[in-house]
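Containing mmCIF, C-alpha atoms: work28.cif.
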```cif
data_upload
#
loop_
_atom_site.label_atom_id
_atom_site.label_comp_id
_atom_site.auth_asym_id
_atom_site.auth_seq_id
_atom_site.Cartn_x
_atom_site.Cartn_y
_atom_site.Cartn_z
CA MET A 1 -4.61 14.09 -12.74
CA ALA A 2 -7.74 13.82 -10.65
CA ILE A 3 -11.10 15.06 -11.72
CA VAL A 4 -13.48 15.67 -8.85
CA SER A 5 -17.18 16.21 -9.27
CA ARG A 6 -20.46 15.51 -7.52
CA GLY A 7 -21.91 13.78 -10.55
CA PHE A 8 -19.06 12.60 -12.74
CA GLN A 9 -19.57 15.59 -15.06
CA GLY A 10 -15.84 15.77 -15.40
CA ARG A 11 -15.45 12.48 -17.27
CA ARG A 12 -12.89 12.69 -20.01
CA ARG A 13 -13.12 11.40 -23.52
CA PRO A 14 -11.02 8.34 -24.42
CA SER A 15 -8.97 10.47 -26.78
CA ASP A 16 -7.66 12.39 -23.78
CA HIS A 17 -5.96 9.31 -22.36
CA ARG A 18 -2.25 9.47 -21.91
CA LEU A 19 0.02 6.70 -20.76
CA PRO A 20 3.04 7.52 -18.59
CA PRO A 21 6.33 6.18 -19.97
CA GLY A 22 6.68 2.39 -19.88
CA GLN A 23 3.00 1.74 -19.08
CA TYR A 24 0.31 -0.22 -20.96
CA GLU A 25 -3.49 -0.02 -20.59
CA VAL A 26 -5.58 -2.72 -18.93
CA HIS A 27 -9.36 -2.99 -18.70
CA ASP A 28 -9.56 -5.38 -15.74
CA PHE A 29 -8.41 -4.43 -12.23
CA PRO A 30 -5.39 -6.58 -11.29
CA VAL A 31 -4.95 -7.52 -7.63
CA LEU A 32 -1.40 -7.47 -6.27
CA SER A 33 -0.78 -8.53 -2.72
CA ALA A 34 2.15 -8.82 -0.36
CA GLY A 35 0.27 -10.99 2.11
CA PRO A 36 -3.10 -12.35 3.19
CA THR A 37 -6.11 -10.05 2.86
CA PRO A 38 -7.29 -8.34 6.06
CA ARG A 39 -11.05 -8.50 6.63
CA VAL A 40 -11.70 -5.40 8.69
CA GLY A 41 -15.26 -5.06 9.97
CA ARG A 42 -16.77 -1.60 9.85
CA ASP A 43 -17.65 -2.03 13.55
CA ILE A 44 -13.97 -2.02 14.50
CA TRP A 45 -12.59 0.06 11.59
CA GLU A 46 -10.84 3.23 12.61
CA PHE A 47 -8.74 5.81 10.82
CA THR A 48 -6.24 7.81 12.84
CA ILE A 49 -3.91 10.68 12.05
CA VAL A 50 -1.06 10.93 14.57
CA THR A 51 0.91 14.17 14.60
CA GLU A 52 4.61 14.51 15.31
CA ALA A 53 3.60 15.68 18.80
CA GLY A 54 1.65 12.48 19.41
CA VAL A 55 -1.79 14.08 19.14
CA ARG A 56 -4.29 11.63 17.66
CA HIS A 57 -7.27 12.45 15.48
CA SER A 58 -9.47 9.36 15.01
CA TRP A 59 -12.60 8.60 13.03
CA SER A 60 -14.83 5.56 13.39
CA TRP A 61 -16.69 4.29 10.32
CA PRO A 62 -19.91 6.22 11.19
CA GLN A 63 -17.83 9.35 11.79
CA LEU A 64 -16.15 8.95 8.39
CA MET A 65 -19.52 8.48 6.73
CA ALA A 66 -20.77 11.68 8.34
CA LEU A 67 -18.06 13.73 6.62
CA PRO A 68 -18.62 15.31 3.20
CA ALA A 69 -17.62 12.82 0.47
CA GLU A 70 -16.44 13.47 -3.06
CA ASP A 71 -16.61 11.53 -6.31
CA ALA A 72 -13.34 11.19 -8.15
CA VAL A 73 -12.63 9.85 -11.64
CA VAL A 74 -8.93 9.10 -11.88
CA ASP A 75 -6.37 7.12 -13.86
CA LEU A 76 -4.35 4.50 -11.96
CA HIS A 77 -0.72 3.69 -12.74
CA CYS A 78 0.82 0.59 -11.16
CA VAL A 79 4.60 0.28 -10.96
CA THR A 80 4.23 -3.21 -12.49
CA LYS A 81 3.44 -1.25 -15.68
CA TRP A 82 -0.33 -1.49 -16.04
CA SER A 83 -2.51 1.61 -16.15
CA LYS A 84 -6.28 1.75 -15.83
CA PHE A 85 -8.15 4.79 -17.07
CA GLU A 86 -11.17 6.58 -15.62
CA THR A 87 -11.67 4.59 -12.45
CA ARG A 88 -14.59 5.88 -10.36
CA TRP A 89 -14.23 6.33 -6.64
CA ARG A 90 -16.01 7.96 -3.74
CA GLY A 91 -14.27 8.98 -0.58
CA VAL A 92 -13.38 11.68 1.90
CA SER A 93 -10.70 14.13 0.87
CA LEU A 94 -7.56 14.22 3.01
CA ASP A 95 -8.08 18.00 3.01
CA THR A 96 -11.20 17.37 5.10
CA LEU A 97 -9.44 14.94 7.42
CA LEU A 98 -6.41 17.20 7.88
CA ALA A 99 -8.43 20.41 8.31
CA ASP A 100 -8.23 20.47 12.11
CA VAL A 101 -4.81 18.81 12.43
CA GLU A 102 -2.08 21.10 13.71
CA THR A 103 1.30 19.95 12.41
CA GLU A 104 4.70 21.15 11.30
CA ALA A 105 5.40 17.82 9.60
CA ASP A 106 6.54 17.61 5.99
CA TYR A 107 6.23 13.83 5.65
CA ALA A 108 3.61 11.16 6.09
CA LEU A 109 3.95 7.44 6.74
CA VAL A 110 0.72 5.66 5.88
CA HIS A 111 -0.14 2.51 7.88
CA SER A 112 -2.51 -0.24 6.82
CA TYR A 113 -4.30 -3.05 8.56
CA GLY A 114 -2.01 -6.02 8.02
CA GLY A 115 1.16 -4.02 8.58
CA TYR A 116 1.79 -2.45 5.17
CA THR A 117 3.30 1.03 5.13
CA THR A 118 4.15 3.61 2.48
CA ASN A 119 5.65 7.09 2.72
CA LEU A 120 5.07 10.30 0.84
CA PRO A 121 5.38 14.05 1.39
CA LEU A 122 2.44 15.45 3.34
CA ALA A 123 1.93 18.00 0.54
CA ASP A 124 0.99 15.15 -1.80
CA LEU A 125 -1.97 14.31 0.43
CA MET A 126 -3.36 17.86 0.25
CA ASP A 127 -4.97 20.23 -2.23
CA GLY A 128 -7.45 17.74 -3.67
CA GLN A 129 -4.85 15.09 -4.48
CA ALA A 130 -5.83 12.29 -2.08
CA TRP A 131 -8.85 10.57 -0.55
CA VAL A 132 -9.78 7.85 1.91
CA ALA A 133 -11.88 5.97 -0.64
CA PHE A 134 -14.67 3.55 0.28
CA HIS A 135 -16.63 3.12 -2.97
CA TYR A 136 -15.29 1.84 -6.27
CA ASP A 137 -17.47 1.99 -9.38
CA GLY A 138 -20.52 2.78 -7.26
CA GLU A 139 -20.14 -0.20 -4.92
CA ASP A 140 -18.57 -0.82 -1.53
CA LEU A 141 -14.84 -1.35 -2.00
CA ASP A 142 -14.00 -5.07 -2.07
CA PRO A 143 -11.43 -6.30 0.48
CA GLU A 144 -9.22 -7.48 -2.41
CA HIS A 145 -8.95 -3.85 -3.54
CA GLY A 146 -8.46 -2.47 -0.04
CA GLY A 147 -11.95 -2.34 1.42
CA PRO A 148 -13.51 -1.19 3.57
CA ALA A 149 -11.34 1.84 2.77
CA ARG A 150 -8.06 2.56 1.05
CA LEU A 151 -5.93 5.59 0.46
CA LEU A 152 -6.21 6.95 -3.08
CA VAL A 153 -3.29 9.09 -4.31
CA PRO A 154 -3.59 8.65 -8.07
CA HIS A 155 -0.84 11.04 -9.16
CA LEU A 156 1.74 8.60 -7.73
CA TYR A 157 2.32 4.90 -8.53
CA LEU A 158 -0.43 2.78 -7.04
CA TRP A 159 1.70 1.25 -4.27
CA LYS A 160 1.33 4.65 -2.53
CA SER A 161 -2.48 4.22 -2.48
CA ALA A 162 -2.37 1.95 0.55
CA LYS A 163 -5.09 -0.67 0.73
CA TRP A 164 -6.87 -1.28 4.10
CA VAL A 165 -5.68 2.09 5.36
CA ARG A 166 -5.49 2.33 9.15
CA GLY A 167 -3.88 5.70 9.70
CA ILE A 168 -1.25 8.27 8.88
CA GLN A 169 1.77 9.11 10.98
CA LEU A 170 2.96 12.69 10.44
CA LEU A 171 6.74 13.00 10.60
CA LEU A 172 9.36 15.74 10.58
CA GLN A 173 11.75 13.45 8.67
CA ASP A 174 11.05 11.08 5.82
CA GLU A 175 10.84 7.38 6.72
CA PRO A 176 10.68 4.69 4.03
CA GLY A 177 7.69 2.38 3.85
CA PHE A 178 7.37 -1.29 2.91
CA TRP A 179 8.39 -1.11 -0.77
CA GLU A 180 10.44 2.06 -0.45
CA SER A 181 12.79 0.16 1.90
CA ALA A 182 13.19 -2.66 -0.63
CA GLY A 183 14.37 -0.88 -3.73
CA TYR A 184 11.36 1.12 -4.86
CA HIS A 185 11.55 4.87 -5.39
CA ASP A 186 10.90 7.13 -2.44
CA TYR A 187 8.44 9.36 -4.35
CA GLY A 188 7.12 7.28 -7.27
CA ASP A 189 5.99 9.76 -9.93
CA PRO A 190 4.76 7.69 -12.92
CA TRP A 191 5.30 10.58 -15.35
CA ARG A 192 9.01 10.67 -14.42
CA GLU A 193 9.08 6.84 -14.30
CA GLN A 194 10.39 6.81 -10.74
CA ARG A 195 10.10 3.05 -10.22
CA TYR A 196 13.31 2.14 -8.41
CA GLN A 197 15.83 3.91 -6.21
CA GLY A 198 18.06 5.96 -8.45
CA ASP A 199 15.46 6.46 -11.20
CA MET B 1 -16.00 15.60 14.19
CA SER B 2 -12.98 13.51 15.09
CA GLN B 3 -11.98 12.27 18.53
CA VAL B 4 -8.65 13.64 19.79
CA THR B 5 -6.95 11.27 22.24
CA GLN B 6 -3.54 10.23 23.56
CA THR B 7 -2.41 6.59 23.67
CA THR B 8 0.87 4.71 23.84
CA GLN B 9 0.03 2.33 20.97
CA LEU B 10 0.39 4.08 17.62
CA PHE B 11 -2.28 2.21 15.65
CA PRO B 12 -4.26 -0.26 17.81
CA HIS B 13 -5.61 -3.33 15.99
CA GLU B 14 -3.34 -2.62 12.98
CA LEU B 15 -2.42 -6.32 12.87
CA ASP B 16 -5.11 -7.77 15.13
CA VAL B 17 -7.77 -8.42 12.46
CA PRO B 18 -9.04 -11.56 10.66
CA TYR B 19 -7.28 -12.49 7.42
CA VAL B 20 -8.21 -14.50 4.36
CA GLU B 21 -5.35 -16.29 2.66
CA GLY B 22 -4.74 -14.74 -0.71
CA ASP B 23 -3.12 -16.41 -3.68
CA HIS B 24 0.36 -17.50 -2.75
CA GLU B 25 2.92 -20.10 -3.73
CA ASP B 26 5.32 -22.07 -1.56
CA GLY B 27 8.95 -21.14 -1.16
CA ASN B 28 10.01 -23.17 -4.17
CA ALA B 29 8.86 -20.15 -6.18
CA LEU B 30 11.97 -18.40 -4.85
CA ALA B 31 14.34 -20.91 -6.49
CA GLY B 32 14.60 -19.19 -9.85
CA PRO B 33 14.78 -15.59 -8.64
CA LEU B 34 17.33 -16.44 -5.91
CA SER B 35 19.48 -18.41 -8.36
CA GLU B 36 20.42 -15.06 -9.88
CA ILE B 37 22.07 -14.15 -6.57
CA PHE B 38 23.23 -17.39 -4.91
CA THR B 39 25.13 -20.31 -6.41
CA VAL B 40 23.44 -22.76 -4.00
CA ASP B 41 19.75 -23.69 -3.90
CA VAL B 42 18.60 -21.59 -0.95
CA THR B 43 15.10 -23.09 -0.97
CA SER B 44 16.44 -26.24 0.72
CA ALA B 45 18.16 -24.21 3.45
CA GLU B 46 16.71 -24.31 6.98
CA GLY B 47 15.85 -20.93 8.46
CA ARG B 48 14.64 -19.63 11.82
CA CYS B 49 11.86 -17.03 11.83
CA VAL B 50 12.61 -13.81 13.73
CA GLY B 51 8.92 -13.42 14.50
CA CYS B 52 8.12 -16.75 16.17
CA GLY B 53 11.38 -18.71 16.31
CA VAL B 54 10.09 -21.64 14.27
CA THR B 55 12.63 -23.33 12.03
CA GLY B 56 11.87 -24.80 8.64
CA PRO B 57 13.00 -24.96 5.04
CA VAL B 58 12.75 -21.86 2.87
CA ALA B 59 10.59 -23.96 0.54
CA ARG B 60 7.86 -24.00 3.23
CA LEU B 61 7.42 -20.21 3.24
CA HIS B 62 4.31 -18.61 1.77
CA VAL B 63 5.36 -16.48 -1.19
CA TYR B 64 3.25 -13.56 -2.47
CA GLY B 65 3.92 -11.66 -5.67
CA PRO B 66 5.64 -11.51 -8.07
CA GLY B 67 4.82 -7.80 -8.32
CA PRO B 68 5.88 -5.33 -7.07
CA GLY B 69 8.24 -7.85 -5.48
CA LEU B 70 8.36 -11.31 -3.92
CA VAL B 71 7.30 -11.37 -0.28
CA ALA B 72 7.92 -14.60 1.65
CA ARG B 73 6.07 -14.99 4.93
CA CYS B 74 6.39 -17.45 7.80
CA PRO B 75 3.63 -20.07 7.41
CA ASP B 76 3.20 -20.15 11.19
CA CYS B 77 3.14 -16.50 12.31
CA GLY B 78 2.70 -14.61 9.01
CA GLU B 79 5.67 -12.31 9.56
CA VAL B 80 7.66 -11.21 6.53
CA VAL B 81 10.77 -13.38 6.36
CA LEU B 82 12.24 -12.39 3.01
CA ARG B 83 11.62 -9.79 0.30
CA LEU B 84 13.14 -9.72 -3.15
CA VAL B 85 12.73 -6.89 -5.64
CA ARG B 86 14.25 -7.22 -9.08
CA GLY B 87 14.43 -4.28 -11.45
CA GLY B 88 16.38 -1.33 -12.64
CA GLY B 89 19.44 -3.49 -13.24
CA ALA B 90 19.66 -4.60 -9.61
CA ALA B 91 18.17 -6.89 -7.00
CA TRP B 92 17.18 -5.85 -3.49
CA LEU B 93 17.17 -8.72 -1.00
CA ASP B 94 15.77 -8.22 2.50
CA LEU B 95 16.33 -11.09 4.92
CA ARG B 96 15.25 -9.26 8.06
CA GLY B 97 12.86 -12.01 9.10
CA VAL B 98 15.55 -14.70 9.22
CA VAL B 99 17.66 -15.27 12.33
CA SER B 100 19.98 -17.52 10.34
CA LEU B 101 20.01 -19.93 7.42
CA ARG B 102 21.59 -23.40 7.54
CA ILE B 103 22.82 -24.01 4.02
CA GLY B 104 23.98 -27.57 3.36
CA LEU B 105 27.25 -27.58 1.45
CA GLY B 106 28.28 -31.24 1.66
CA GLU B 107 31.67 -32.47 2.85
#
```
As structure tokens, what does this structure read like?
Amino acid sequence: MAIVSRGFQGRRRPSDHRLPPGQYEVHDFPVLSAGPTPRVGRDIWEFTIVTEAGVRHSWSWPQLMALPAEDAVVDLHCVTKWSKFETRWRGVSLDTLLADVETEADYALVHSYGGYTTNLPLADLMDGQAWVAFHYDGEDLDPEHGGPARLLVPHLYLWKSAKWVRGIQLLLQDEPGFWESAGYHDYGDPWREQRYQGD
Amino acid sequence: MSQVTQTTQLFPHELDVPYVEGDHEDGNALAGPLSEIFTVDVTSAEGRCVGCGVTGPVARLHVYGPGPGLVARCPDCGEVVLRLVRGGGAAWLDLRGVVSLRIGLGE
């Protein structure tokens, strides 16, 4: 569950920590990769939402920085079974980015620089559940962790929080992403331990 | 304020960016995981990449992982050649990046 605040006032006590089934806690920040790391300069970086009608809403890096940002303190749950508590991020809410987007879509396919994709219901990107995050722990997000910006959807397994996010394709029908087309669960709720297809 | 535009390319520059090689192993790292599925050593097989047409042994691929799964990429063009996910009592094997494999079987 995300806690959003302007000044981290919402930080939880360690005793509030809960591990989803099958997970263990880590204190470092493991890096998992399915390929080489894209180095995307902020001068060429762009984030685009494409509707099912083909209408494009794009933001350059300066345009993203001009939007209202939020601080979020969230727990991360990786499908490889590690969880990391109270990670601190700053980013722009998808509610802000989707505010002027007219769509009838129910599904989203997230695209990353480097070709990675992941799918999720559009509803899971709304109502304060997701951000395009560009700061981690008060610093610019390292490329190894998805910088300059990554999607952050902490209520789902971390493979849904696409590193090096490039854009979101809004779809009327669900379309599996990179891991979802290779055995991983279509939705990926850590609290229901939805790791693999059929879970 | 966003810019609303129309274009034929869905996400320009999605792949056209500089890359830094991350930690990866060569294709010999596939030998153990693939031995659960095949009775022959597939790492010595010769394959042709769908992306660039180059042929070479599976052992020459660049393998990332192991989690969430093994991803083997062409060392020449970087395209995904093979993916292997193991879990939940099953294996998922994706060979979409291989035109064909020549597997030596002897006479």
Only residues of chain B matter here; which ones have an atom within 9 Å of chain A, counting all atoms listed in the file? Give them as an mmCIF file with C-alpha atoms, in the coordinates of the input.
```cif
data_model
loop_
_atom_site.group_PDB
_atom_site.id
_atom_site.type_symbol
_atom_site.label_atom_id
_atom_site.label_comp_id
_atom_site.auth_asym_id
_atom_site.auth_seq_id
_atom_site.Cartn_x
_atom_site.Cartn_y
_atom_site.Cartn_z
ATOM 1 C CA MET B 1 -16.000 15.600 14.190
ATOM 2 C CA SER B 2 -12.980 13.510 15.090
ATOM 3 C CA GLN B 3 -11.980 12.270 18.530
ATOM 4 C CA VAL B 4 -8.650 13.640 19.790
ATOM 5 C CA THR B 5 -6.950 11.270 22.240
ATOM 6 C CA GLN B 6 -3.540 10.230 23.560
ATOM 7 C CA THR B 7 -2.410 6.590 23.670
ATOM 8 C CA THR B 8 0.870 4.710 23.840
ATOM 9 C CA LEU B 10 0.390 4.080 17.620
ATOM 10 C CA PHE B 11 -2.280 2.210 15.650
ATOM 11 C CA HIS B 13 -5.610 -3.330 15.990
ATOM 12 C CA GLU B 14 -3.340 -2.620 12.980
ATOM 13 C CA LEU B 15 -2.420 -6.320 12.870
ATOM 14 C CA ASP B 16 -5.110 -7.770 15.130
ATOM 15 C CA VAL B 17 -7.770 -8.420 12.460
ATOM 16 C CA PRO B 18 -9.040 -11.560 10.660
ATOM 17 C CA TYR B 19 -7.280 -12.490 7.420
ATOM 18 C CA VAL B 20 -8.210 -14.500 4.360
ATOM 19 C CA GLU B 21 -5.350 -16.290 2.660
ATOM 20 C CA GLY B 22 -4.740 -14.740 -0.710
ATOM 21 C CA ASP B 23 -3.120 -16.410 -3.680
ATOM 22 C CA HIS B 24 0.360 -17.500 -2.750
ATOM 23 C CA HIS B 62 4.310 -18.610 1.770
ATOM 24 C CA VAL B 63 5.360 -16.480 -1.190
ATOM 25 C CA TYR B 64 3.250 -13.560 -2.470
ATOM 26 C CA GLY B 65 3.920 -11.660 -5.670
ATOM 27 C CA PRO B 66 5.640 -11.510 -8.070
ATOM 28 C CA GLY B 67 4.820 -7.800 -8.320
ATOM 29 C CA PRO B 68 5.880 -5.330 -7.070
ATOM 30 C CA GLY B 69 8.240 -7.850 -5.480
ATOM 31 C CA LEU B 70 8.360 -11.310 -3.920
ATOM 32 C CA VAL B 71 7.300 -11.370 -0.280
ATOM 33 C CA ALA B 72 7.920 -14.600 1.650
ATOM 34 C CA ARG B 73 6.070 -14.990 4.930
ATOM 35 C CA GLY B 78 2.700 -14.610 9.010
ATOM 36 C CA VAL B 80 7.660 -11.210 6.530
ATOM 37 C CA ARG B 83 11.620 -9.790 0.300
ATOM 38 C CA LEU B 84 13.140 -9.720 -3.150
ATOM 39 C CA VAL B 85 12.730 -6.890 -5.640
ATOM 40 C CA ARG B 86 14.250 -7.220 -9.080
ATOM 41 C CA GLY B 87 14.430 -4.280 -11.450
ATOM 42 C CA GLY B 88 16.380 -1.330 -12.640
ATOM 43 C CA ALA B 90 19.660 -4.600 -9.610
ATOM 44 C CA ALA B 91 18.170 -6.890 -7.000
ATOM 45 C CA TRP B 92 17.180 -5.850 -3.490
ATOM 46 C CA LEU B 93 17.170 -8.720 -1.000
ATOM 47 C CA ASP B 94 15.770 -8.220 2.500
#
```
Rank nothing, just name the residue among A:Gly128, A:Val92, A:Asp137, A:Leu170 nearest to Arg150 (chain A), using all atoms listed in the file.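 Of all the options, A:Val92 lies closest to Arg150 (chain A).
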Would you mind reading off the distance between CA of Leu152 (chain A) and CA of Asp43 (chain A), one decimal, in Å?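 Value for the CA of Leu152 (chain A)-CA of Asp43 (chain A) distance: 22.1 Å.
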Using only C-alpha atoms, determine which residues lie at most 10 Å from Ala69 (chain A), disregarding the query and same-chain residues fewer than 6 positions distant; provide the list as a ChimeraX atom specification. /A:6,90-93,96,131-134
Between B:Leu95, B:Ala31, B:Val50, B:Ile103, which one has atoms that come closest to Cys77 (chain B), using all atoms listed in the file?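 Ranking B:Leu95, B:Ala31, B:Val50, B:Ile103 by distance to Cys77 (chain B), first place goes to B:Val50.
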When the PyMOL selection byres ((chain A and resi 176) around 7) is applied to the file above, which residues end up in the set, as a list in words?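 Those residues are Thr118, Asn119, Asp174, Glu175, Gly177, Phe178, Glu180, Ser181 and Asp186 of chain A.
Every protein, DNA or RNA residue with an atom at most 9 Å from Pro154 (chain A), where all atoms listed in the file count and chain neighbours fewer than 5 positions away do not, is listed here: Met1, Ala2, Val74, Asp75, Leu76, His77, Gln129, Ala130, Lys160 and Ser161 of chain A.
Remark: for Val54 (chain B), the closest of the candidate residues B:Leu105, B:Leu30, B:Val42, B:Val98 is B:Val98 (distances computed over all atoms listed in the file).
Between CA of Pro62 (chain A) and CA of Val110 (chain A) the separation is 21.3 Å.
Among the candidates A:Phe29, A:Trp82, A:Trp191, A:Trp89, the residue lying nearest to Glu139 (chain A) is A:Trp89 (atoms considered: all atoms listed in the file).
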Written as number ranges by chain, what is the full residue list that the PyMOL selection byres ((chain B and resi 26) around 8) yields on the file shown? B: 24-25, 27-29, 59-63
List the residues selected by the PyMOL selection byres ((chain B and resi 48) around 7) in the file shown, writing them as a list in words.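 Selection result, ordered by chain and number: Gly47, Cys49, Val50, Gly53, Val54, Thr55, Gly56, Val98, Val99, Ser100 and Leu101 of chain B.
Counting from CA of Val81 (chain B), the distance to CA of Ser35 (chain B) is 17.8 Å.
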Give the centre and edge lengths of an axis-aligned box, in Å to one decimal, that holds all listed atoms of region 22-30 of chain A with 3 Å on each side, as AutoDock Vina command-line options.
```
--center_x -1.4 --center_y -2.1 --center_z -16.1 --size_x 22.2 --size_y 15.0 --size_z 15.7
```
